[in-house]
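Raw contents of start-v6.cif, mmCIF, C-alpha atoms:
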data_protein
#
loop_
_atom_site.group_PDB
_atom_site.id
_atom_site.type_symbol
_atom_site.label_atom_id
_atom_site.label_comp_id
_atom_site.auth_asym_id
_atom_site.auth_seq_id
_atom_site.Cartn_x
_atom_site.Cartn_y
_atom_site.Cartn_z
ATOM 1 C CA MET A 1 26.983 5.731 -7.843
ATOM 2 C CA ILE A 2 24.123 6.699 -5.562
ATOM 3 C CA VAL A 3 21.415 9.132 -6.628
ATOM 4 C CA SER A 4 19.500 11.524 -4.385
ATOM 5 C CA MET A 5 15.703 11.552 -4.454
ATOM 6 C CA THR A 6 15.650 15.361 -4.416
ATOM 7 C CA GLY A 7 15.821 17.231 -7.707
ATOM 8 C CA PHE A 8 14.224 19.705 -10.112
ATOM 9 C CA GLY A 9 14.334 20.196 -13.859
ATOM 10 C CA LYS A 10 12.798 22.164 -16.746
ATOM 11 C CA GLY A 11 12.449 21.381 -20.432
ATOM 12 C CA ARG A 12 11.105 23.042 -23.584
ATOM 13 C CA SER A 13 10.158 21.936 -27.073
ATOM 14 C CA GLY A 14 7.906 22.944 -29.959
ATOM 15 C CA ASN A 15 7.677 24.620 -33.346
ATOM 16 C CA LYS A 16 6.375 27.925 -34.736
ATOM 17 C CA ASN A 17 2.768 27.027 -33.866
ATOM 18 C CA LEU A 18 3.170 24.963 -30.701
ATOM 19 C CA SER A 19 5.312 25.374 -27.585
ATOM 20 C CA VAL A 20 5.636 22.908 -24.712
ATOM 21 C CA GLU A 21 7.099 23.601 -21.267
ATOM 22 C CA ALA A 22 7.680 20.829 -18.731
ATOM 23 C CA GLU A 23 8.734 20.986 -15.089
ATOM 24 C CA VAL A 24 9.596 17.990 -12.917
ATOM 25 C CA LYS A 25 10.263 17.936 -9.179
ATOM 26 C CA SER A 26 11.183 14.981 -6.973
ATOM 27 C CA VAL A 27 11.323 14.671 -3.175
ATOM 28 C CA ASN A 28 11.793 11.838 -0.680
ATOM 29 C CA GLY A 29 9.336 8.969 -0.899
ATOM 30 C CA ARG A 30 9.356 5.338 0.144
ATOM 31 C CA TYR A 31 8.001 4.223 -3.218
ATOM 32 C CA LEU A 32 7.586 5.819 -6.655
ATOM 33 C CA ASP A 33 4.590 8.161 -6.539
ATOM 34 C CA ILE A 34 3.883 10.269 -9.652
ATOM 35 C CA SER A 35 1.414 13.162 -9.790
ATOM 36 C CA LEU A 36 0.665 15.084 -13.001
ATOM 37 C CA ARG A 37 -0.668 18.544 -13.752
ATOM 38 C CA ILE A 38 -1.481 18.505 -17.458
ATOM 39 C CA PRO A 39 -3.962 20.143 -19.869
ATOM 40 C CA SER A 40 -7.135 18.250 -20.733
ATOM 41 C CA SER A 41 -5.824 17.498 -24.230
ATOM 42 C CA LEU A 42 -3.220 15.229 -22.599
ATOM 43 C CA MET A 43 -5.585 13.382 -20.276
ATOM 44 C CA ASN A 44 -5.729 10.393 -22.618
ATOM 45 C CA LYS A 45 -1.911 10.322 -22.501
ATOM 46 C CA ASP A 46 -1.772 10.182 -18.699
ATOM 47 C CA TYR A 47 -0.615 6.540 -18.624
ATOM 48 C CA ASP A 48 2.024 7.080 -21.334
ATOM 49 C CA ILE A 49 3.471 10.087 -19.511
ATOM 50 C CA LYS A 50 3.693 8.202 -16.205
ATOM 51 C CA GLU A 51 5.335 5.215 -17.893
ATOM 52 C CA PHE A 52 7.837 7.553 -19.525
ATOM 53 C CA ILE A 53 8.739 9.001 -16.101
ATOM 54 C CA LYS A 54 8.939 5.492 -14.581
ATOM 55 C CA SER A 55 11.563 4.566 -17.163
ATOM 56 C CA LYS A 56 13.816 7.296 -15.723
ATOM 57 C CA ILE A 57 12.967 7.382 -11.995
ATOM 58 C CA LYS A 58 12.802 4.401 -9.637
ATOM 59 C CA ARG A 59 11.833 5.895 -6.273
ATOM 60 C CA GLY A 60 10.529 9.137 -4.754
ATOM 61 C CA LYS A 61 7.542 11.451 -4.909
ATOM 62 C CA VAL A 62 7.560 13.009 -8.385
ATOM 63 C CA SER A 63 5.456 15.987 -9.512
ATOM 64 C CA ALA A 64 5.332 16.811 -13.228
ATOM 65 C CA SER A 65 3.721 19.851 -14.824
ATOM 66 C CA ILE A 66 3.215 20.311 -18.578
ATOM 67 C CA GLN A 67 1.993 23.499 -20.248
ATOM 68 C CA ILE A 68 1.068 23.700 -23.933
ATOM 69 C CA LYS A 69 0.559 26.869 -25.972
ATOM 70 C CA ARG A 70 -0.767 27.217 -29.512
ATOM 71 C CA ASN A 71 0.059 30.416 -31.323
ATOM 72 C CA GLY A 72 1.050 31.966 -28.020
ATOM 73 C CA LEU A 73 -2.192 31.035 -26.220
ATOM 74 C CA GLU A 74 -2.513 28.451 -23.483
ATOM 75 C CA GLU A 75 -4.499 25.420 -24.583
ATOM 76 C CA GLU A 76 -7.058 25.808 -21.878
ATOM 77 C CA ASN A 77 -7.364 29.557 -22.197
ATOM 78 C CA LEU A 78 -10.911 30.452 -21.107
ATOM 79 C CA ALA A 79 -13.119 32.664 -23.279
ATOM 80 C CA LEU A 80 -16.530 34.228 -22.729
ATOM 81 C CA ASP A 81 -19.573 32.912 -24.589
ATOM 82 C CA SER A 82 -21.410 36.244 -25.014
ATOM 83 C CA ASP A 83 -24.633 34.703 -26.353
ATOM 84 C CA LYS A 84 -24.977 32.368 -23.381
ATOM 85 C CA LEU A 85 -24.162 35.219 -21.007
ATOM 86 C CA LYS A 86 -26.935 37.383 -22.459
ATOM 87 C CA SER A 87 -29.383 34.490 -22.361
ATOM 88 C CA TYR A 88 -28.523 33.640 -18.751
ATOM 89 C CA LEU A 89 -28.697 37.295 -17.665
ATOM 90 C CA SER A 90 -32.127 37.634 -19.267
ATOM 91 C CA LEU A 91 -33.268 34.498 -17.447
ATOM 92 C CA LEU A 92 -32.049 35.849 -14.099
ATOM 93 C CA LYS A 93 -33.915 39.105 -14.641
ATOM 94 C CA SER A 94 -37.116 37.190 -15.470
ATOM 95 C CA ILE A 95 -36.725 35.125 -12.298
ATOM 96 C CA LYS A 96 -36.076 38.274 -10.290
ATOM 97 C CA LYS A 97 -39.217 39.915 -11.686
ATOM 98 C CA ALA A 98 -41.400 36.837 -11.217
ATOM 99 C CA ALA A 99 -40.217 36.316 -7.649
ATOM 100 C CA LYS A 100 -40.422 40.048 -6.895
ATOM 101 C CA ILE A 101 -36.799 40.190 -5.707
ATOM 102 C CA SER A 102 -35.287 43.653 -5.392
ATOM 103 C CA GLU A 103 -31.674 42.502 -5.163
ATOM 104 C CA LYS A 104 -29.486 43.419 -8.118
ATOM 105 C CA VAL A 105 -27.892 40.758 -10.294
ATOM 106 C CA LYS A 106 -24.224 40.473 -9.273
ATOM 107 C CA LEU A 107 -21.140 38.920 -10.849
ATOM 108 C CA GLU A 108 -21.185 35.897 -8.526
ATOM 109 C CA HIS A 109 -24.715 35.106 -9.717
ATOM 110 C CA LEU A 110 -23.429 34.883 -13.282
ATOM 111 C CA LEU A 111 -20.284 32.871 -12.500
ATOM 112 C CA ILE A 112 -22.344 30.081 -10.938
ATOM 113 C CA ASN A 113 -23.218 29.041 -14.481
ATOM 114 C CA LYS A 114 -19.952 27.657 -15.911
ATOM 115 C CA GLU A 115 -21.491 27.322 -19.372
ATOM 116 C CA ILE A 116 -20.876 31.012 -20.060
ATOM 117 C CA LEU A 117 -17.116 30.232 -20.194
ATOM 118 C CA ILE A 118 -15.555 28.345 -23.099
ATOM 119 C CA SER A 119 -12.410 26.201 -22.775
ATOM 120 C CA ASN A 120 -10.317 26.116 -25.936
ATOM 121 C CA ASN A 121 -9.441 22.398 -26.031
ATOM 122 C CA PHE A 122 -7.302 20.903 -28.779
ATOM 123 C CA ILE A 123 -6.483 17.383 -29.894
ATOM 124 C CA ILE A 124 -2.818 16.393 -29.570
ATOM 125 C CA SER A 125 -1.353 14.653 -32.624
ATOM 126 C CA ASP A 126 1.382 11.999 -32.407
ATOM 127 C CA VAL A 127 3.958 14.480 -33.695
ATOM 128 C CA GLU A 128 2.934 17.006 -31.054
ATOM 129 C CA PHE A 129 3.027 14.367 -28.311
ATOM 130 C CA ASN A 130 6.610 13.612 -29.321
ATOM 131 C CA MET A 131 7.323 17.286 -28.613
ATOM 132 C CA VAL A 132 5.745 16.837 -25.189
ATOM 133 C CA LYS A 133 8.007 13.849 -24.491
ATOM 134 C CA GLU A 134 11.021 15.801 -25.744
ATOM 135 C CA ALA A 135 10.336 18.641 -23.285
ATOM 136 C CA LEU A 136 9.670 16.136 -20.509
ATOM 137 C CA GLU A 137 12.903 14.258 -21.231
ATOM 138 C CA GLN A 138 14.869 17.513 -21.046
ATOM 139 C CA ALA A 139 13.296 18.243 -17.662
ATOM 140 C CA LEU A 140 14.018 14.721 -16.406
ATOM 141 C CA THR A 141 17.636 14.876 -17.613
ATOM 142 C CA GLU A 142 18.188 18.190 -15.829
ATOM 143 C CA MET A 143 16.613 16.773 -12.680
ATOM 144 C CA MET A 144 18.729 13.591 -12.857
ATOM 145 C CA ASN A 145 21.912 15.647 -13.155
ATOM 146 C CA MET A 146 20.907 17.506 -10.002
ATOM 147 C CA LYS A 147 20.067 14.215 -8.236
ATOM 148 C CA LYS A 148 23.444 12.709 -9.199
ATOM 149 C CA LYS A 149 25.327 15.777 -7.974
ATOM 150 C CA GLU A 150 23.563 15.665 -4.618
ATOM 151 C CA GLY A 151 24.058 11.887 -4.518
ATOM 152 C CA LYS A 152 27.816 12.364 -4.854
ATOM 153 C CA GLU A 153 27.801 14.745 -1.885
ATOM 154 C CA LEU A 154 25.749 12.229 0.106
ATOM 155 C CA ALA A 155 28.206 9.446 -0.732
ATOM 156 C CA ASN A 156 31.173 11.535 0.451
ATOM 157 C CA ASP A 157 29.432 12.243 3.746
ATOM 158 C CA LEU A 158 28.510 8.574 4.253
ATOM 159 C CA HIS A 159 32.092 7.455 3.547
ATOM 160 C CA LYS A 160 33.390 9.836 6.229
ATOM 161 C CA ARG A 161 30.873 8.593 8.783
ATOM 162 C CA VAL A 162 31.725 4.952 8.090
ATOM 163 C CA GLU A 163 35.419 5.822 8.560
ATOM 164 C CA ASN A 164 34.533 7.444 11.894
ATOM 165 C CA ILE A 165 32.738 4.279 13.009
ATOM 166 C CA GLU A 166 35.628 2.049 11.884
ATOM 167 C CA SER A 167 38.059 4.202 13.855
ATOM 168 C CA ARG A 168 35.986 3.886 17.046
ATOM 169 C CA LEU A 169 35.487 0.172 16.454
ATOM 170 C CA LYS A 170 39.258 -0.225 16.290
ATOM 171 C CA ASP A 171 39.508 1.521 19.674
ATOM 172 C CA ILE A 172 36.858 -0.829 21.072
ATOM 173 C CA GLU A 173 38.712 -3.907 19.830
ATOM 174 C CA GLN A 174 41.941 -2.675 21.410
ATOM 175 C CA ASP A 175 40.203 -2.022 24.737
ATOM 176 C CA ALA A 176 38.133 -5.219 24.708
ATOM 177 C CA ALA A 177 40.798 -7.705 25.880
ATOM 178 C CA GLN A 178 41.796 -5.511 28.796
ATOM 179 C CA SER A 179 38.137 -4.916 29.605
ATOM 180 C CA VAL A 180 37.402 -8.648 29.949
ATOM 181 C CA LYS A 181 40.454 -9.105 32.179
ATOM 182 C CA GLU A 182 39.329 -6.214 34.364
ATOM 183 C CA TYR A 183 35.827 -7.697 34.491
ATOM 184 C CA PHE A 184 37.264 -11.032 35.654
ATOM 185 C CA ASN A 185 39.441 -9.506 38.385
ATOM 186 C CA LYS A 186 36.688 -7.187 39.571
ATOM 187 C CA PHE A 187 34.300 -10.058 40.251
ATOM 188 C CA LYS A 188 37.058 -12.157 41.794
ATOM 189 C CA GLU A 189 37.921 -9.464 44.314
ATOM 190 C CA LYS A 190 34.262 -8.883 45.094
ATOM 191 C CA ILE A 191 33.673 -12.572 45.795
ATOM 192 C CA LYS A 192 36.806 -12.767 47.958
ATOM 193 C CA THR A 193 35.288 -10.221 50.276
ATOM 194 C CA LEU A 194 32.180 -12.384 50.607
ATOM 195 C CA ILE A 195 33.839 -15.783 51.101
ATOM 196 C CA GLU A 196 36.156 -16.282 54.090
ATOM 197 C CA ASN A 197 37.836 -19.538 53.027
ATOM 198 C CA ILE A 198 38.451 -18.730 49.375
ATOM 199 C CA ALA A 199 41.198 -21.344 48.870
ATOM 200 C CA GLN A 200 38.948 -24.414 48.909
ATOM 201 C CA TYR A 201 36.652 -22.875 46.280
ATOM 202 C CA ASN A 202 39.407 -21.393 44.114
ATOM 203 C CA ASP A 203 39.187 -23.834 41.140
ATOM 204 C CA ARG A 204 35.413 -23.639 41.016
ATOM 205 C CA LEU A 205 35.584 -19.873 41.373
ATOM 206 C CA GLU A 206 38.022 -19.556 38.474
ATOM 207 C CA LEU A 207 35.680 -21.601 36.247
ATOM 208 C CA GLU A 208 32.562 -19.602 37.125
ATOM 209 C CA LEU A 209 34.361 -16.309 36.660
ATOM 210 C CA ALA A 210 35.689 -17.451 33.301
ATOM 211 C CA ILE A 211 32.107 -18.178 32.205
ATOM 212 C CA ILE A 212 30.971 -14.750 33.410
ATOM 213 C CA ALA A 213 33.886 -13.045 31.687
ATOM 214 C CA GLU A 214 33.116 -14.896 28.450
ATOM 215 C CA LYS A 215 29.650 -13.360 28.452
ATOM 216 C CA ALA A 216 31.332 -9.966 28.384
ATOM 217 C CA GLU A 217 33.339 -10.956 25.301
ATOM 218 C CA ILE A 218 32.426 -8.707 22.344
ATOM 219 C CA THR A 219 34.639 -10.142 19.603
ATOM 220 C CA GLU A 220 31.729 -11.639 17.639
ATOM 221 C CA GLU A 221 29.776 -8.372 17.723
ATOM 222 C CA SER A 222 32.845 -6.414 16.610
ATOM 223 C CA VAL A 223 33.467 -8.797 13.710
ATOM 224 C CA ARG A 224 29.824 -8.589 12.589
ATOM 225 C CA LEU A 225 29.776 -4.802 12.861
ATOM 226 C CA ARG A 226 32.949 -4.526 10.784
ATOM 227 C CA SER A 227 31.436 -6.904 8.216
ATOM 228 C CA HIS A 228 28.277 -4.760 8.015
ATOM 229 C CA LEU A 229 30.428 -1.656 7.448
ATOM 230 C CA LYS A 230 32.266 -3.314 4.541
ATOM 231 C CA PHE A 231 28.984 -4.496 3.031
ATOM 232 C CA PHE A 232 27.566 -0.972 3.454
ATOM 233 C CA ILE A 233 30.427 0.604 1.472
ATOM 234 C CA ASN A 234 30.221 -2.112 -1.195
ATOM 235 C CA SER A 235 26.477 -1.507 -1.668
ATOM 236 C CA LEU A 236 26.991 2.249 -1.632
ATOM 237 C CA GLU A 237 29.542 2.062 -4.443
ATOM 238 C CA ASN A 238 28.182 -0.772 -6.591
ATOM 239 C CA ASP A 239 24.402 -1.190 -6.220
ATOM 240 C CA ASP A 240 22.093 0.644 -8.612
ATOM 241 C CA GLU A 241 19.357 1.163 -6.015
ATOM 242 C CA PRO A 242 20.995 0.722 -2.590
ATOM 243 C CA GLY A 243 18.549 2.770 -0.489
ATOM 244 C CA ARG A 244 16.554 -0.055 1.121
ATOM 245 C CA LYS A 245 19.599 -2.295 1.604
ATOM 246 C CA LEU A 246 21.533 0.502 3.316
ATOM 247 C CA ASN A 247 18.597 1.150 5.621
ATOM 248 C CA PHE A 248 18.550 -2.542 6.623
ATOM 249 C CA LEU A 249 22.314 -2.516 7.246
ATOM 250 C CA CYS A 250 21.912 0.507 9.520
ATOM 251 C CA GLN A 251 19.454 -1.483 11.634
ATOM 252 C CA GLU A 252 21.910 -4.392 11.879
ATOM 253 C CA MET A 253 24.845 -2.112 12.734
ATOM 254 C CA ASN A 254 22.819 -0.435 15.438
ATOM 255 C CA ARG A 255 21.886 -3.858 16.855
ATOM 256 C CA GLU A 256 25.557 -4.862 17.166
ATOM 257 C CA ALA A 257 26.501 -1.519 18.734
ATOM 258 C CA ASN A 258 23.716 -1.901 21.299
ATOM 259 C CA THR A 259 24.874 -5.435 22.171
ATOM 260 C CA ILE A 260 28.469 -4.274 22.645
ATOM 261 C CA SER A 261 27.267 -1.486 24.904
ATOM 262 C CA SER A 262 25.132 -3.828 27.017
ATOM 263 C CA LYS A 263 27.923 -6.409 27.487
ATOM 264 C CA THR A 264 30.834 -4.158 28.369
ATOM 265 C CA VAL A 265 31.795 -2.749 31.771
ATOM 266 C CA SER A 266 34.403 -0.468 30.236
ATOM 267 C CA THR A 267 33.600 3.238 30.353
ATOM 268 C CA SER A 268 35.734 3.968 27.285
ATOM 269 C CA ILE A 269 33.971 1.261 25.246
ATOM 270 C CA THR A 270 30.582 2.566 26.383
ATOM 271 C CA HIS A 271 31.529 6.076 25.231
ATOM 272 C CA SER A 272 32.706 4.691 21.884
ATOM 273 C CA THR A 273 29.438 2.809 21.327
ATOM 274 C CA VAL A 274 27.477 6.002 22.063
ATOM 275 C CA PHE A 275 29.505 7.769 19.362
ATOM 276 C CA ILE A 276 28.982 4.867 16.937
ATOM 277 C CA ARG A 277 25.213 4.853 17.481
ATOM 278 C CA GLU A 278 25.067 8.609 16.898
ATOM 279 C CA GLU A 279 26.939 8.192 13.610
ATOM 280 C CA ILE A 280 24.651 5.333 12.558
ATOM 281 C CA GLU A 281 21.612 7.520 13.241
ATOM 282 C CA LYS A 282 23.088 10.331 11.115
ATOM 283 C CA ILE A 283 23.753 7.803 8.338
ATOM 284 C CA ARG A 284 20.196 6.491 8.608
ATOM 285 C CA GLU A 285 18.824 10.030 8.218
ATOM 286 C CA GLN A 286 20.999 10.655 5.157
ATOM 287 C CA ILE A 287 20.080 7.457 3.322
ATOM 288 C CA GLN A 288 16.380 8.333 3.483
ATOM 289 C CA ASN A 289 17.199 10.630 0.548
ATOM 290 C CA ILE A 290 18.833 7.916 -1.586
ATOM 291 C CA GLU A 291 16.873 6.551 -4.553
#
Whole structure, structure tokens version:
Amino acid sequence: MIVSMTGFGKGRSGNKNLSVEAEVKSVNGRYLDISLRIPSSLMNKDYDIKEFIKSKIKRGKVSASIQIKRNGLEEENLALDSDKLKSYLSLLKSIKKAAKISEKVKLEHLLINKEILISNNFIISDVEFNMVKEALEQALTEMMNMKKKEGKELANDLHKRVENIESRLKDIEQDAAQSVKEYFNKFKEKIKTLIENIAQYNDRLELELAIIAEKAEITEESVRLRSHLKFFINSLENDDEPGRKLNFLCQEMNREANTISSKTVSTSITHSTVFIREEIEKIREQIQNIE
């Protein structure tokens, strides 16, 4: 079962003194890229949190946010240090007087000094960190459920597009034999108009035309394209992380479709290969969202 790279989830945990809220969001990404927004009390747990997420997610750009409250207050709730404020304000007034500056002391002058604000930091215990992981796991589970649901919709769409390609490939295979015969006769008639005494060259002409017609043969390309389609469905249904493999198969399928198009002189086959390449491009766009 394929999984989308797009998802979102929330989780909560805690007790009467501590509450933890976690949010996780994932979007398309070539590799696994994790960014965290966490309180300073969890900074020393940064590696553990990322490893915990890695155990659940294999690919995509993941953003995780964790908020901790103690007794209803955010951990990093800022408070004013009144003593430092008074001391700093007195210093500013002394500077103003000494420098003979008439400008009044404004709020922005005070906020330059960050020491007047206190950050209420706490130390996270092992028990409390387990609560953090519990909230995070809830968020990841909710996100994974969303990713699986979207992955199922993606799989259904990809199956339909592969069926469309197989249908057109069947048309191509049916038209191919007649196309080669038409190619042969077309060149034969063209050469007849250029050579007056065609009879004495007839055997040689038949051989050369057969070689030319063989170059227009597309059986090998059709067989390879059909094989790629079967392999695509097999990977889609059975591989745990099929994203990169499916992308490679799209490149190979497109290569075979291009070769068929370049070799044929049949208008109907050309139209079918255009349709096939359009479907392959739509498939390629869809699989960019597969984990």
field: Nearest candidate to Asp240 (chain A) (options A:Val24, A:Ile38, A:Glu291, A:Lys186; using all atoms listed in the file)
entry: A:Glu291
Distance of CA of Val132 (chain A) from CA of Gly9 (chain A), expressed in Å to one decimal place: 14.6 Å
Residues matched by the PyMOL selection byres ((chain A and resi 17) around 7), written as a list in words: Asn15, Lys16, Leu18, Ser19, Arg70 and Asn71 of chain A
task: Rounded to one decimal place, report the CA of Ala257 (chain A)-CA of Leu225 (chain A) distance in Å.
output: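 Rounded to one decimal, the two atoms are 7.5 Å apart.
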task: Report as a ChimeraX atom specification the full result of the PyMOL selection byres ((chain A and resi 166) around 12) when it is applied to this structure.
output: /A:159-165,167-173,222-223,225-230,233,253,257,272-273,275-276,279-280
field: CA of Lys58 (chain A) to CA of Thr141 (chain A), distance in Å rounded to a single decimal
entry: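 So the two atoms, CA of Lys58 (chain A) and CA of Thr141 (chain A), lie 14.0 Å apart.
With all atoms listed in the file as the atoms that count, the residue of A:Gln174, A:Asp83, A:Ile2, A:Ser125 with the shortest distance to Glu150 (chain A) is A:Ile2.
Among A:Lys25, A:Lys97, A:Arg12, A:Lys282, the residue with the shortest atom-to-atom distance to Met146 (chain A), counting only C-alpha atoms, is A:Lys25.
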Is it possible to dump region 6-26 of chain A as a PDB file, in the first residue's frame, including just N, CA and C atoms?
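Contents of selection_18.pdb, freshly written:
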ATOM      1  N   THR A   6       1.911  13.864   1.953  1.00  0.00           N
ATOM      2  CA  THR A   6       1.184  15.010   2.490  1.00  0.00           C
ATOM      3  C   THR A   6       0.273  14.582   3.634  1.00  0.00           C
ATOM      4  N   GLY A   7       0.414  15.234   4.785  1.00  0.00           N
ATOM      5  CA  GLY A   7      -0.441  14.891   5.912  1.00  0.00           C
ATOM      6  C   GLY A   7      -0.293  15.865   7.066  1.00  0.00           C
ATOM      7  N   PHE A   8      -1.230  15.770   8.011  1.00  0.00           N
ATOM      8  CA  PHE A   8      -1.219  16.651   9.189  1.00  0.00           C
ATOM      9  C   PHE A   8      -1.836  15.897  10.354  1.00  0.00           C
ATOM     10  N   GLY A   9      -1.289  16.140  11.559  1.00  0.00           N
ATOM     11  CA  GLY A   9      -1.838  15.489  12.733  1.00  0.00           C
ATOM     12  C   GLY A   9      -1.580  16.265  14.009  1.00  0.00           C
ATOM     13  N   LYS A  10      -2.463  16.063  15.006  1.00  0.00           N
ATOM     14  CA  LYS A  10      -2.323  16.696  16.321  1.00  0.00           C
ATOM     15  C   LYS A  10      -2.351  15.630  17.405  1.00  0.00           C
ATOM     16  N   GLY A  11      -1.690  15.929  18.529  1.00  0.00           N
ATOM     17  CA  GLY A  11      -1.706  15.013  19.656  1.00  0.00           C
ATOM     18  C   GLY A  11      -1.599  15.758  20.975  1.00  0.00           C
ATOM     19  N   ARG A  12      -2.170  15.162  22.031  1.00  0.00           N
ATOM     20  CA  ARG A  12      -2.119  15.791  23.360  1.00  0.00           C
ATOM     21  C   ARG A  12      -1.797  14.750  24.419  1.00  0.00           C
ATOM     22  N   SER A  13      -1.145  15.222  25.483  1.00  0.00           N
ATOM     23  CA  SER A  13      -0.845  14.359  26.619  1.00  0.00           C
ATOM     24  C   SER A  13      -0.597  15.245  27.835  1.00  0.00           C
ATOM     25  N   GLY A  14      -0.449  14.612  29.012  1.00  0.00           N
ATOM     26  CA  GLY A  14      -0.143  15.398  30.203  1.00  0.00           C
ATOM     27  C   GLY A  14      -0.807  14.880  31.458  1.00  0.00           C
ATOM     28  N   ASN A  15      -0.704  15.681  32.517  1.00  0.00           N
ATOM     29  CA  ASN A  15      -1.354  15.373  33.789  1.00  0.00           C
ATOM     30  C   ASN A  15      -1.922  16.671  34.361  1.00  0.00           C
ATOM     31  N   LYS A  16      -2.246  16.688  35.652  1.00  0.00           N
ATOM     32  CA  LYS A  16      -2.883  17.874  36.231  1.00  0.00           C
ATOM     33  C   LYS A  16      -1.944  19.079  36.278  1.00  0.00           C
ATOM     34  N   ASN A  17      -0.642  18.844  36.245  1.00  0.00           N
ATOM     35  CA  ASN A  17       0.318  19.954  36.315  1.00  0.00           C
ATOM     36  C   ASN A  17       0.968  20.302  34.978  1.00  0.00           C
ATOM     37  N   LEU A  18       0.964  19.341  34.061  1.00  0.00           N
ATOM     38  CA  LEU A  18       1.676  19.526  32.792  1.00  0.00           C
ATOM     39  C   LEU A  18       0.783  19.119  31.623  1.00  0.00           C
ATOM     40  N   SER A  19       0.774  19.943  30.581  1.00  0.00           N
ATOM     41  CA  SER A  19       0.047  19.583  29.355  1.00  0.00           C
ATOM     42  C   SER A  19       0.977  19.757  28.157  1.00  0.00           C
ATOM     43  N   VAL A  20       0.889  18.815  27.234  1.00  0.00           N
ATOM     44  CA  VAL A  20       1.732  18.830  26.033  1.00  0.00           C
ATOM     45  C   VAL A  20       0.839  18.767  24.801  1.00  0.00           C
ATOM     46  N   GLU A  21       1.094  19.657  23.845  1.00  0.00           N
ATOM     47  CA  GLU A  21       0.392  19.638  22.563  1.00  0.00           C
ATOM     48  C   GLU A  21       1.425  19.515  21.448  1.00  0.00           C
ATOM     49  N   ALA A  22       1.177  18.602  20.529  1.00  0.00           N
ATOM     50  CA  ALA A  22       2.099  18.389  19.404  1.00  0.00           C
ATOM     51  C   ALA A  22       1.345  18.491  18.086  1.00  0.00           C
ATOM     52  N   GLU A  23       1.974  19.107  17.110  1.00  0.00           N
ATOM     53  CA  GLU A  23       1.437  19.184  15.753  1.00  0.00           C
ATOM     54  C   GLU A  23       2.527  18.745  14.782  1.00  0.00           C
ATOM     55  N   VAL A  24       2.136  17.949  13.798  1.00  0.00           N
ATOM     56  CA  VAL A  24       3.090  17.468  12.794  1.00  0.00           C
ATOM     57  C   VAL A  24       2.492  17.669  11.407  1.00  0.00           C
ATOM     58  N   LYS A  25       3.293  18.195  10.508  1.00  0.00           N
ATOM     59  CA  LYS A  25       2.854  18.410   9.123  1.00  0.00           C
ATOM     60  C   LYS A  25       3.928  17.889   8.177  1.00  0.00           C
ATOM     61  N   SER A  26       3.497  17.234   7.106  1.00  0.00           N
ATOM     62  CA  SER A  26       4.439  16.696   6.123  1.00  0.00           C
ATOM     63  C   SER A  26       4.018  17.103   4.716  1.00  0.00           C
TER      64      SER A  26
END
